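S.K.: Handing over work.cif, mmCIF, N, CA, C and O atoms.
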data_upload
loop_
_atom_site.label_atom_id
_atom_site.label_comp_id
_atom_site.auth_asym_id
_atom_site.auth_seq_id
_atom_site.Cartn_x
_atom_site.Cartn_y
_atom_site.Cartn_z
N ALA A 1 116.49 108.83 50.98
CA ALA A 1 115.91 109.07 52.29
C ALA A 1 116.87 108.61 53.39
O ALA A 1 117.03 109.28 54.40
N ALA A 2 117.48 107.44 53.19
CA ALA A 2 118.42 106.92 54.20
C ALA A 2 119.61 107.86 54.35
O ALA A 2 120.07 108.11 55.47
N ALA A 3 120.09 108.38 53.24
CA ALA A 3 121.24 109.29 53.28
C ALA A 3 120.91 110.58 54.02
O ALA A 3 121.75 111.11 54.75
N ILE A 4 119.70 111.07 53.85
CA ILE A 4 119.30 112.30 54.55
C ILE A 4 119.29 112.07 56.05
O ILE A 4 119.85 112.86 56.83
N ALA A 5 118.67 110.97 56.49
CA ALA A 5 118.61 110.66 57.92
C ALA A 5 120.01 110.45 58.49
O ALA A 5 120.35 110.96 59.56
N ALA A 6 120.85 109.71 57.77
CA ALA A 6 122.21 109.44 58.25
C ALA A 6 123.05 110.72 58.27
O ALA A 6 123.82 110.94 59.21
N ALA A 7 122.90 111.57 57.26
CA ALA A 7 123.67 112.82 57.21
C ALA A 7 123.28 113.75 58.36
O ALA A 7 124.13 114.43 58.93
N GLN A 8 122.00 113.75 58.71
CA GLN A 8 121.57 114.56 59.85
C GLN A 8 122.21 114.05 61.14
O GLN A 8 122.69 114.82 61.95
N ARG A 9 122.22 112.73 61.32
CA ARG A 9 122.83 112.15 62.52
C ARG A 9 124.34 112.37 62.52
O ARG A 9 124.94 112.66 63.55
N ALA A 10 124.96 112.25 61.35
CA ALA A 10 126.41 112.40 61.24
C ALA A 10 126.83 113.86 61.23
O ALA A 10 128.02 114.17 61.36
N GLN A 11 125.88 114.75 61.05
CA GLN A 11 126.15 116.20 60.93
C GLN A 11 127.17 116.46 59.82
O GLN A 11 128.11 117.23 59.99
N GLY A 12 126.97 115.79 58.70
CA GLY A 12 127.87 115.97 57.56
C GLY A 12 127.68 114.89 56.52
O GLY A 12 126.67 114.17 56.53
N ARG A 13 128.67 114.76 55.67
CA ARG A 13 128.60 113.82 54.55
C ARG A 13 128.61 112.37 54.99
O ARG A 13 129.23 112.02 55.99
N VAL A 14 127.91 111.54 54.21
CA VAL A 14 127.89 110.11 54.44
C VAL A 14 128.00 109.38 53.11
O VAL A 14 127.75 109.95 52.06
N ALA A 15 128.38 108.11 53.18
CA ALA A 15 128.44 107.26 52.00
C ALA A 15 127.79 105.93 52.35
O ALA A 15 127.96 105.42 53.46
N THR A 16 127.06 105.37 51.40
CA THR A 16 126.43 104.07 51.60
C THR A 16 127.50 102.98 51.52
O THR A 16 128.24 102.92 50.54
N VAL A 17 127.57 102.14 52.54
CA VAL A 17 128.53 101.03 52.53
C VAL A 17 127.85 99.69 52.36
O VAL A 17 128.49 98.72 51.98
N ALA A 18 126.54 99.62 52.66
CA ALA A 18 125.82 98.36 52.49
C ALA A 18 124.33 98.60 52.33
O ALA A 18 123.76 99.46 53.00
N VAL A 19 123.73 97.86 51.42
CA VAL A 19 122.28 97.73 51.36
C VAL A 19 122.01 96.37 51.98
O VAL A 19 122.19 95.33 51.35
N ASN A 20 121.65 96.40 53.26
CA ASN A 20 121.52 95.17 54.03
C ASN A 20 120.34 94.33 53.57
O ASN A 20 120.42 93.10 53.55
N SER A 21 119.25 95.00 53.23
CA SER A 21 118.08 94.27 52.74
C SER A 21 117.15 95.23 52.01
O SER A 21 117.09 96.41 52.32
N VAL A 22 116.45 94.68 51.02
CA VAL A 22 115.41 95.40 50.30
C VAL A 22 114.31 94.39 50.00
O VAL A 22 114.60 93.31 49.48
N GLN A 23 113.10 94.75 50.37
CA GLN A 23 111.97 93.88 50.05
C GLN A 23 110.93 94.70 49.32
O GLN A 23 110.39 95.68 49.85
N PHE A 24 110.68 94.31 48.06
CA PHE A 24 109.66 94.96 47.26
C PHE A 24 108.36 94.22 47.50
O PHE A 24 108.19 93.08 47.07
N LYS A 25 107.43 94.87 48.18
CA LYS A 25 106.18 94.22 48.58
C LYS A 25 105.11 94.32 47.51
O LYS A 25 104.34 93.39 47.32
N GLN A 26 105.06 95.46 46.83
CA GLN A 26 104.08 95.69 45.76
C GLN A 26 104.71 96.60 44.73
O GLN A 26 105.61 97.39 45.06
N PRO A 27 104.23 96.55 43.50
CA PRO A 27 104.79 97.45 42.49
C PRO A 27 104.34 98.89 42.73
O PRO A 27 103.29 99.14 43.32
N VAL A 28 105.16 99.83 42.29
CA VAL A 28 104.78 101.24 42.28
C VAL A 28 104.12 101.49 40.93
O VAL A 28 104.68 101.18 39.88
N LEU A 29 102.92 102.05 40.98
CA LEU A 29 102.14 102.26 39.76
C LEU A 29 102.25 103.70 39.29
O LEU A 29 102.50 104.62 40.08
N LEU A 30 102.05 103.88 38.00
CA LEU A 30 102.03 105.22 37.43
C LEU A 30 100.95 106.04 38.15
O LEU A 30 99.81 105.57 38.29
N GLY A 31 101.31 107.20 38.63
CA GLY A 31 100.37 108.05 39.34
C GLY A 31 100.42 107.91 40.85
O GLY A 31 99.83 108.71 41.56
N ASP A 32 101.12 106.89 41.37
CA ASP A 32 101.27 106.76 42.82
C ASP A 32 102.05 107.95 43.37
O ASP A 32 102.98 108.44 42.74
N VAL A 33 101.68 108.39 44.54
CA VAL A 33 102.43 109.42 45.26
C VAL A 33 103.14 108.70 46.41
O VAL A 33 102.49 108.09 47.25
N LEU A 34 104.48 108.77 46.40
CA LEU A 34 105.27 108.02 47.37
C LEU A 34 105.63 108.85 48.59
O LEU A 34 105.94 110.03 48.47
N SER A 35 105.62 108.19 49.74
CA SER A 35 106.10 108.77 50.99
C SER A 35 107.14 107.83 51.56
O SER A 35 106.90 106.62 51.63
N LEU A 36 108.30 108.37 51.93
CA LEU A 36 109.39 107.57 52.49
C LEU A 36 109.60 107.98 53.93
O LEU A 36 109.68 109.17 54.24
N TYR A 37 109.70 106.99 54.80
CA TYR A 37 109.89 107.22 56.22
C TYR A 37 111.15 106.48 56.67
O TYR A 37 111.37 105.34 56.28
N THR A 38 111.94 107.14 57.50
CA THR A 38 113.18 106.55 57.97
C THR A 38 113.21 106.46 59.49
O THR A 38 112.61 107.28 60.18
N THR A 39 113.92 105.44 59.96
CA THR A 39 114.18 105.27 61.38
C THR A 39 115.64 104.86 61.53
O THR A 39 116.10 103.95 60.84
N ILE A 40 116.37 105.56 62.39
CA ILE A 40 117.74 105.14 62.67
C ILE A 40 117.66 103.95 63.61
O ILE A 40 117.15 104.04 64.72
N MET A 41 118.16 102.81 63.11
CA MET A 41 118.07 101.56 63.87
C MET A 41 119.24 101.40 64.83
O MET A 41 119.06 100.88 65.93
N SER A 42 120.44 101.83 64.40
CA SER A 42 121.60 101.71 65.27
C SER A 42 122.70 102.63 64.76
O SER A 42 122.70 103.04 63.60
N THR A 43 123.62 102.94 65.67
CA THR A 43 124.80 103.70 65.29
C THR A 43 126.03 103.01 65.87
O THR A 43 125.96 102.37 66.92
N GLY A 44 127.11 103.13 65.14
CA GLY A 44 128.39 102.64 65.62
C GLY A 44 129.32 103.83 65.82
O GLY A 44 128.85 104.96 65.96
N ARG A 45 130.59 103.60 65.77
CA ARG A 45 131.54 104.71 65.92
C ARG A 45 131.54 105.61 64.69
O ARG A 45 131.66 106.82 64.80
N THR A 46 131.41 105.01 63.51
CA THR A 46 131.43 105.77 62.26
C THR A 46 130.20 105.53 61.39
O THR A 46 129.99 106.23 60.42
N SER A 47 129.37 104.54 61.75
CA SER A 47 128.29 104.13 60.86
C SER A 47 126.90 104.34 61.46
O SER A 47 126.74 104.44 62.68
N VAL A 48 125.93 104.42 60.56
CA VAL A 48 124.52 104.58 60.92
C VAL A 48 123.74 103.57 60.09
O VAL A 48 123.90 103.52 58.87
N THR A 49 122.91 102.77 60.75
CA THR A 49 122.03 101.84 60.04
C THR A 49 120.62 102.43 60.06
O THR A 49 120.11 102.79 61.13
N VAL A 50 120.02 102.53 58.88
CA VAL A 50 118.74 103.20 58.71
C VAL A 50 117.73 102.25 58.07
O VAL A 50 118.04 101.57 57.09
N ALA A 51 116.53 102.19 58.65
CA ALA A 51 115.42 101.47 58.04
C ALA A 51 114.60 102.46 57.23
O ALA A 51 114.38 103.60 57.67
N VAL A 52 114.17 102.04 56.05
CA VAL A 52 113.35 102.89 55.18
C VAL A 52 112.07 102.14 54.84
O VAL A 52 112.13 100.97 54.44
N GLU A 53 110.94 102.79 55.02
CA GLU A 53 109.65 102.25 54.61
C GLU A 53 109.08 103.18 53.55
O GLU A 53 109.12 104.40 53.71
N VAL A 54 108.56 102.59 52.48
CA VAL A 54 108.01 103.38 51.39
C VAL A 54 106.54 103.01 51.23
O VAL A 54 106.19 101.83 51.12
N TYR A 55 105.69 104.04 51.21
CA TYR A 55 104.25 103.87 51.05
C TYR A 55 103.80 104.59 49.79
O TYR A 55 104.34 105.65 49.44
N ALA A 56 102.80 104.02 49.12
CA ALA A 56 102.23 104.63 47.93
C ALA A 56 100.78 105.00 48.21
O ALA A 56 99.99 104.17 48.67
N ASP A 57 100.46 106.26 47.95
CA ASP A 57 99.06 106.71 48.00
C ASP A 57 98.50 106.54 46.60
O ASP A 57 99.03 107.09 45.64
N ARG A 58 97.45 105.73 46.52
CA ARG A 58 96.82 105.44 45.23
C ARG A 58 95.45 106.08 45.20
O ARG A 58 94.59 105.80 46.04
N GLY A 59 95.25 106.94 44.21
CA GLY A 59 93.96 107.62 44.05
C GLY A 59 93.00 106.76 43.26
O GLY A 59 93.07 105.53 43.27
N GLY A 60 92.11 107.42 42.56
CA GLY A 60 91.13 106.71 41.75
C GLY A 60 89.84 106.50 42.51
O GLY A 60 89.54 107.18 43.48
N GLU A 61 89.07 105.51 42.05
CA GLU A 61 87.76 105.25 42.66
C GLU A 61 87.87 104.69 44.06
O GLU A 61 86.99 104.88 44.89
N ASN A 62 88.94 103.95 44.33
CA ASN A 62 89.17 103.32 45.63
C ASN A 62 90.48 103.81 46.23
O ASN A 62 91.45 103.07 46.24
N PRO A 63 90.55 105.04 46.75
CA PRO A 63 91.84 105.53 47.27
C PRO A 63 92.35 104.66 48.42
O PRO A 63 91.57 104.21 49.26
N GLN A 64 93.65 104.40 48.39
CA GLN A 64 94.25 103.59 49.45
C GLN A 64 95.73 103.92 49.58
O GLN A 64 96.34 104.48 48.67
N THR A 65 96.29 103.58 50.72
CA THR A 65 97.72 103.70 50.96
C THR A 65 98.26 102.30 51.20
O THR A 65 97.73 101.56 52.04
N VAL A 66 99.32 101.95 50.45
CA VAL A 66 99.89 100.61 50.58
C VAL A 66 101.40 100.71 50.77
O VAL A 66 102.05 101.60 50.23
N LYS A 67 101.93 99.79 51.57
CA LYS A 67 103.38 99.73 51.75
C LYS A 67 103.96 99.01 50.54
O LYS A 67 103.54 97.90 50.21
N VAL A 68 104.94 99.65 49.87
CA VAL A 68 105.50 99.06 48.66
C VAL A 68 106.93 98.55 48.83
O VAL A 68 107.34 97.66 48.10
N THR A 69 107.67 99.10 49.79
CA THR A 69 109.07 98.69 49.95
C THR A 69 109.52 98.84 51.40
O THR A 69 109.12 99.79 52.08
N ASP A 70 110.35 97.90 51.84
CA ASP A 70 111.09 97.98 53.10
C ASP A 70 112.56 97.85 52.75
O ASP A 70 112.92 97.00 51.92
N ALA A 71 113.40 98.65 53.38
CA ALA A 71 114.84 98.53 53.14
C ALA A 71 115.61 98.85 54.42
O ALA A 71 115.10 99.55 55.31
N ARG A 72 116.83 98.33 54.46
CA ARG A 72 117.74 98.64 55.58
C ARG A 72 119.12 98.87 54.97
O ARG A 72 119.62 98.03 54.23
N LEU A 73 119.69 100.04 55.27
CA LEU A 73 120.98 100.43 54.70
C LEU A 73 121.93 100.86 55.80
O LEU A 73 121.50 101.36 56.84
N THR A 74 123.22 100.67 55.55
CA THR A 74 124.25 101.14 56.46
C THR A 74 125.09 102.18 55.73
O THR A 74 125.53 101.95 54.60
N LEU A 75 125.24 103.32 56.38
CA LEU A 75 126.02 104.42 55.82
C LEU A 75 127.11 104.79 56.80
O LEU A 75 126.98 104.58 58.01
N VAL A 76 128.20 105.35 56.29
CA VAL A 76 129.33 105.73 57.13
C VAL A 76 129.59 107.23 56.97
O VAL A 76 129.44 107.77 55.87
N ALA A 77 129.91 107.87 58.07
CA ALA A 77 130.26 109.30 58.04
C ALA A 77 131.62 109.46 57.38
O ALA A 77 132.54 108.68 57.65
N ILE A 78 131.73 110.45 56.49
CA ILE A 78 133.01 110.69 55.81
C ILE A 78 133.41 112.16 55.93
O ILE A 78 132.56 113.04 56.08
N ASP A 79 134.71 112.39 55.84
CA ASP A 79 135.23 113.76 55.86
C ASP A 79 135.30 114.29 54.43
O ASP A 79 134.88 113.63 53.48
N SER A 80 135.86 115.49 54.27
CA SER A 80 135.92 116.13 52.94
C SER A 80 136.79 115.38 51.96
O SER A 80 136.66 115.54 50.75
N ALA A 81 137.68 114.52 52.46
CA ALA A 81 138.54 113.73 51.59
C ALA A 81 137.94 112.35 51.30
O ALA A 81 138.57 111.54 50.62
N GLY A 82 136.74 112.08 51.85
CA GLY A 82 136.11 110.80 51.62
C GLY A 82 136.53 109.69 52.56
O GLY A 82 136.20 108.54 52.35
N ARG A 83 137.29 110.05 53.60
CA ARG A 83 137.72 109.05 54.59
C ARG A 83 136.68 108.97 55.71
O ARG A 83 136.08 109.99 56.08
N LYS A 84 136.50 107.77 56.25
CA LYS A 84 135.54 107.65 57.34
C LYS A 84 135.99 108.47 58.54
O LYS A 84 137.18 108.68 58.76
N ARG A 85 135.00 108.95 59.28
CA ARG A 85 135.27 109.76 60.47
C ARG A 85 134.29 109.36 61.58
O ARG A 85 133.28 108.71 61.31
N LEU A 86 134.61 109.72 62.79
CA LEU A 86 133.74 109.40 63.93
C LEU A 86 132.46 110.19 63.86
O LEU A 86 132.45 111.36 63.41
N LEU A 87 131.37 109.57 64.33
CA LEU A 87 130.12 110.30 64.47
C LEU A 87 130.24 111.28 65.63
O LEU A 87 130.89 110.96 66.64
N PRO A 88 129.62 112.45 65.54
CA PRO A 88 129.67 113.38 66.67
C PRO A 88 128.82 112.87 67.83
O PRO A 88 127.86 112.14 67.63
N GLY A 89 129.20 113.33 69.01
CA GLY A 89 128.43 113.05 70.21
C GLY A 89 128.53 111.66 70.65
O GLY A 89 127.95 111.02 71.37
#
Any chance you could put this one into structure tokens?

M.R.:
Amino acid sequence: AAAIAAAQRAQGRVATVAVNSVQFKQPVLLGDVLSLYTTIMSTGRTSVTVAVEVYADRGGENPQTVKVTDARLTLVAIDSAGRKRLLPG
């Protein structure tokens, strides 16, 4: 999910350079339906930092939605040769 958001901002290929943080709040259970949401937290000249929130929809007798993971990743825009490049705009 972070790569998709960063690639859209970079208008091209990206590579993960850091997983800044990951917090597993609850386990993901068999049958959970996951939804991932991203927010671009900051951009640099070549990098994009993305926050990812993961929610699980749990069915059964007591349907509920619970947050299962928070993460923050930094990705860098790369060219076709894999070298970092400036973000557009």

S.K.: Separation of atom N of Ser80 of chain A and atom O of Ile4 of chain A, in Å?

M.R.: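 Taking atom N of Ser80 of chain A as the start and atom O of Ile4 of chain A as the end point, the length is 16.4 Å.
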
S.K.: Which residues, named as in the file, does the PyMOL selection byres ((chain A and resi 39) around 4.5) pick out? Answer as a PyMOL selection string.

M.R.: chain A and resi 37-38+40-41+49-51

S.K.: Determine the nearest neighbour of Ala10 of chain A from the options A:Gly82, A:Leu29, A:Thr46, A:Asn62, counting all atoms listed in the file.

M.R.: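 So, comparing all the options, the nearest one is A:Thr46.
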
S.K.: Using DSSP on the backbone coordinates, identify the residues of chain A assigned to alpha helix (DSSP H); present them as a PyMOL selection string.

M.R.: chain A and resi 2-10

S.K.: Would you mind telling me which residue in A:Ser21, A:Thr16, A:Thr74, A:Gln8 lies nearest to Val48 of chain A when using all atoms listed in the file?

M.R.: A:Thr74

S.K.: For this structure, which residues satisfy the selection - the PyMOL selection byres ((chain A and resi 45) around 6) - when it is evaluated on the file as given? I want them as number ranges by chain.

M.R.: A: 43-44, 46-47, 85-87

S.K.: Take segment 75-86 of chain A, bring it up to all heavy atoms, and give me the output as a PDB file, in the frame of the given file.

M.R.:
ATOM      1  N   LEU A  75     125.240 103.320  56.380  1.00  0.00           N
ATOM      2  CA  LEU A  75     126.020 104.420  55.820  1.00  0.00           C
ATOM      3  C   LEU A  75     127.110 104.790  56.800  1.00  0.00           C
ATOM      4  O   LEU A  75     126.980 104.580  58.010  1.00  0.00           O
ATOM      5  CB  LEU A  75     125.122 105.632  55.547  1.00  0.00           C
ATOM      6  CG  LEU A  75     123.972 105.353  54.571  1.00  0.00           C
ATOM      7  CD1 LEU A  75     122.706 105.011  55.319  1.00  0.00           C
ATOM      8  CD2 LEU A  75     123.748 106.514  53.641  1.00  0.00           C
ATOM      9  N   VAL A  76     128.200 105.350  56.290  1.00  0.00           N
ATOM     10  CA  VAL A  76     129.330 105.730  57.130  1.00  0.00           C
ATOM     11  C   VAL A  76     129.590 107.230  56.970  1.00  0.00           C
ATOM     12  O   VAL A  76     129.440 107.770  55.870  1.00  0.00           O
ATOM     13  CB  VAL A  76     130.589 104.901  56.795  1.00  0.00           C
ATOM     14  CG1 VAL A  76     131.113 105.191  55.414  1.00  0.00           C
ATOM     15  CG2 VAL A  76     131.669 105.081  57.831  1.00  0.00           C
ATOM     16  N   ALA A  77     129.910 107.870  58.070  1.00  0.00           N
ATOM     17  CA  ALA A  77     130.260 109.300  58.040  1.00  0.00           C
ATOM     18  C   ALA A  77     131.620 109.460  57.380  1.00  0.00           C
ATOM     19  O   ALA A  77     132.540 108.680  57.650  1.00  0.00           O
ATOM     20  CB  ALA A  77     130.295 109.863  59.459  1.00  0.00           C
ATOM     21  N   ILE A  78     131.730 110.450  56.490  1.00  0.00           N
ATOM     22  CA  ILE A  78     133.010 110.690  55.810  1.00  0.00           C
ATOM     23  C   ILE A  78     133.410 112.160  55.930  1.00  0.00           C
ATOM     24  O   ILE A  78     132.560 113.040  56.080  1.00  0.00           O
ATOM     25  CB  ILE A  78     132.959 110.269  54.323  1.00  0.00           C
ATOM     26  CG1 ILE A  78     131.842 111.000  53.584  1.00  0.00           C
ATOM     27  CG2 ILE A  78     132.795 108.758  54.201  1.00  0.00           C
ATOM     28  CD1 ILE A  78     131.834 110.765  52.068  1.00  0.00           C
ATOM     29  N   ASP A  79     134.710 112.390  55.840  1.00  0.00           N
ATOM     30  CA  ASP A  79     135.230 113.760  55.860  1.00  0.00           C
ATOM     31  C   ASP A  79     135.300 114.290  54.430  1.00  0.00           C
ATOM     32  O   ASP A  79     134.880 113.630  53.480  1.00  0.00           O
ATOM     33  CB  ASP A  79     136.572 113.837  56.583  1.00  0.00           C
ATOM     34  CG  ASP A  79     137.686 113.051  55.909  1.00  0.00           C
ATOM     35  OD1 ASP A  79     137.559 112.702  54.713  1.00  0.00           O
ATOM     36  OD2 ASP A  79     138.705 112.785  56.575  1.00  0.00           O
ATOM     37  N   SER A  80     135.860 115.490  54.270  1.00  0.00           N
ATOM     38  CA  SER A  80     135.920 116.130  52.940  1.00  0.00           C
ATOM     39  C   SER A  80     136.790 115.380  51.960  1.00  0.00           C
ATOM     40  O   SER A  80     136.660 115.540  50.750  1.00  0.00           O
ATOM     41  CB  SER A  80     136.375 117.582  53.070  1.00  0.00           C
ATOM     42  OG  SER A  80     137.657 117.632  53.645  1.00  0.00           O
ATOM     43  N   ALA A  81     137.680 114.520  52.460  1.00  0.00           N
ATOM     44  CA  ALA A  81     138.540 113.730  51.590  1.00  0.00           C
ATOM     45  C   ALA A  81     137.940 112.350  51.300  1.00  0.00           C
ATOM     46  O   ALA A  81     138.570 111.540  50.620  1.00  0.00           O
ATOM     47  CB  ALA A  81     139.925 113.585  52.216  1.00  0.00           C
ATOM     48  N   GLY A  82     136.740 112.080  51.850  1.00  0.00           N
ATOM     49  CA  GLY A  82     136.110 110.800  51.620  1.00  0.00           C
ATOM     50  C   GLY A  82     136.530 109.690  52.560  1.00  0.00           C
ATOM     51  O   GLY A  82     136.200 108.540  52.350  1.00  0.00           O
ATOM     52  N   ARG A  83     137.290 110.050  53.600  1.00  0.00           N
ATOM     53  CA  ARG A  83     137.720 109.050  54.590  1.00  0.00           C
ATOM     54  C   ARG A  83     136.680 108.970  55.710  1.00  0.00           C
ATOM     55  O   ARG A  83     136.080 109.990  56.080  1.00  0.00           O
ATOM     56  CB  ARG A  83     139.076 109.433  55.186  1.00  0.00           C
ATOM     57  CG  ARG A  83     140.217 109.380  54.170  1.00  0.00           C
ATOM     58  CD  ARG A  83     141.537 109.752  54.825  1.00  0.00           C
ATOM     59  NE  ARG A  83     141.459 111.085  55.405  1.00  0.00           N
ATOM     60  CZ  ARG A  83     142.007 112.184  54.883  1.00  0.00           C
ATOM     61  NH1 ARG A  83     142.687 112.092  53.762  1.00  0.00           N
ATOM     62  NH2 ARG A  83     141.899 113.351  55.486  1.00  0.00           N
ATOM     63  N   LYS A  84     136.500 107.770  56.250  1.00  0.00           N
ATOM     64  CA  LYS A  84     135.540 107.650  57.340  1.00  0.00           C
ATOM     65  C   LYS A  84     135.990 108.470  58.540  1.00  0.00           C
ATOM     66  O   LYS A  84     137.180 108.680  58.760  1.00  0.00           O
ATOM     67  CB  LYS A  84     135.290 106.188  57.704  1.00  0.00           C
ATOM     68  CG  LYS A  84     136.431 105.471  58.341  1.00  0.00           C
ATOM     69  CD  LYS A  84     136.037 104.039  58.619  1.00  0.00           C
ATOM     70  CE  LYS A  84     137.207 103.283  59.220  1.00  0.00           C
ATOM     71  NZ  LYS A  84     136.841 101.908  59.545  1.00  0.00           N
ATOM     72  N   ARG A  85     135.000 108.950  59.280  1.00  0.00           N
ATOM     73  CA  ARG A  85     135.270 109.760  60.470  1.00  0.00           C
ATOM     74  C   ARG A  85     134.290 109.360  61.580  1.00  0.00           C
ATOM     75  O   ARG A  85     133.280 108.710  61.310  1.00  0.00           O
ATOM     76  CB  ARG A  85     135.128 111.251  60.155  1.00  0.00           C
ATOM     77  CG  ARG A  85     133.730 111.644  59.762  1.00  0.00           C
ATOM     78  CD  ARG A  85     133.561 113.156  59.626  1.00  0.00           C
ATOM     79  NE  ARG A  85     132.240 113.488  59.124  1.00  0.00           N
ATOM     80  CZ  ARG A  85     131.148 113.590  59.862  1.00  0.00           C
ATOM     81  NH1 ARG A  85     131.210 113.399  61.168  1.00  0.00           N
ATOM     82  NH2 ARG A  85     129.989 113.906  59.306  1.00  0.00           N
ATOM     83  N   LEU A  86     134.610 109.720  62.790  1.00  0.00           N
ATOM     84  CA  LEU A  86     133.740 109.400  63.930  1.00  0.00           C
ATOM     85  C   LEU A  86     132.460 110.190  63.860  1.00  0.00           C
ATOM     86  O   LEU A  86     132.450 111.360  63.410  1.00  0.00           O
ATOM     87  CB  LEU A  86     134.473 109.707  65.246  1.00  0.00           C
ATOM     88  CG  LEU A  86     135.721 108.879  65.544  1.00  0.00           C
ATOM     89  CD1 LEU A  86     136.370 109.373  66.849  1.00  0.00           C
ATOM     90  CD2 LEU A  86     135.372 107.400  65.648  1.00  0.00           C
TER      91      LEU A  86
END
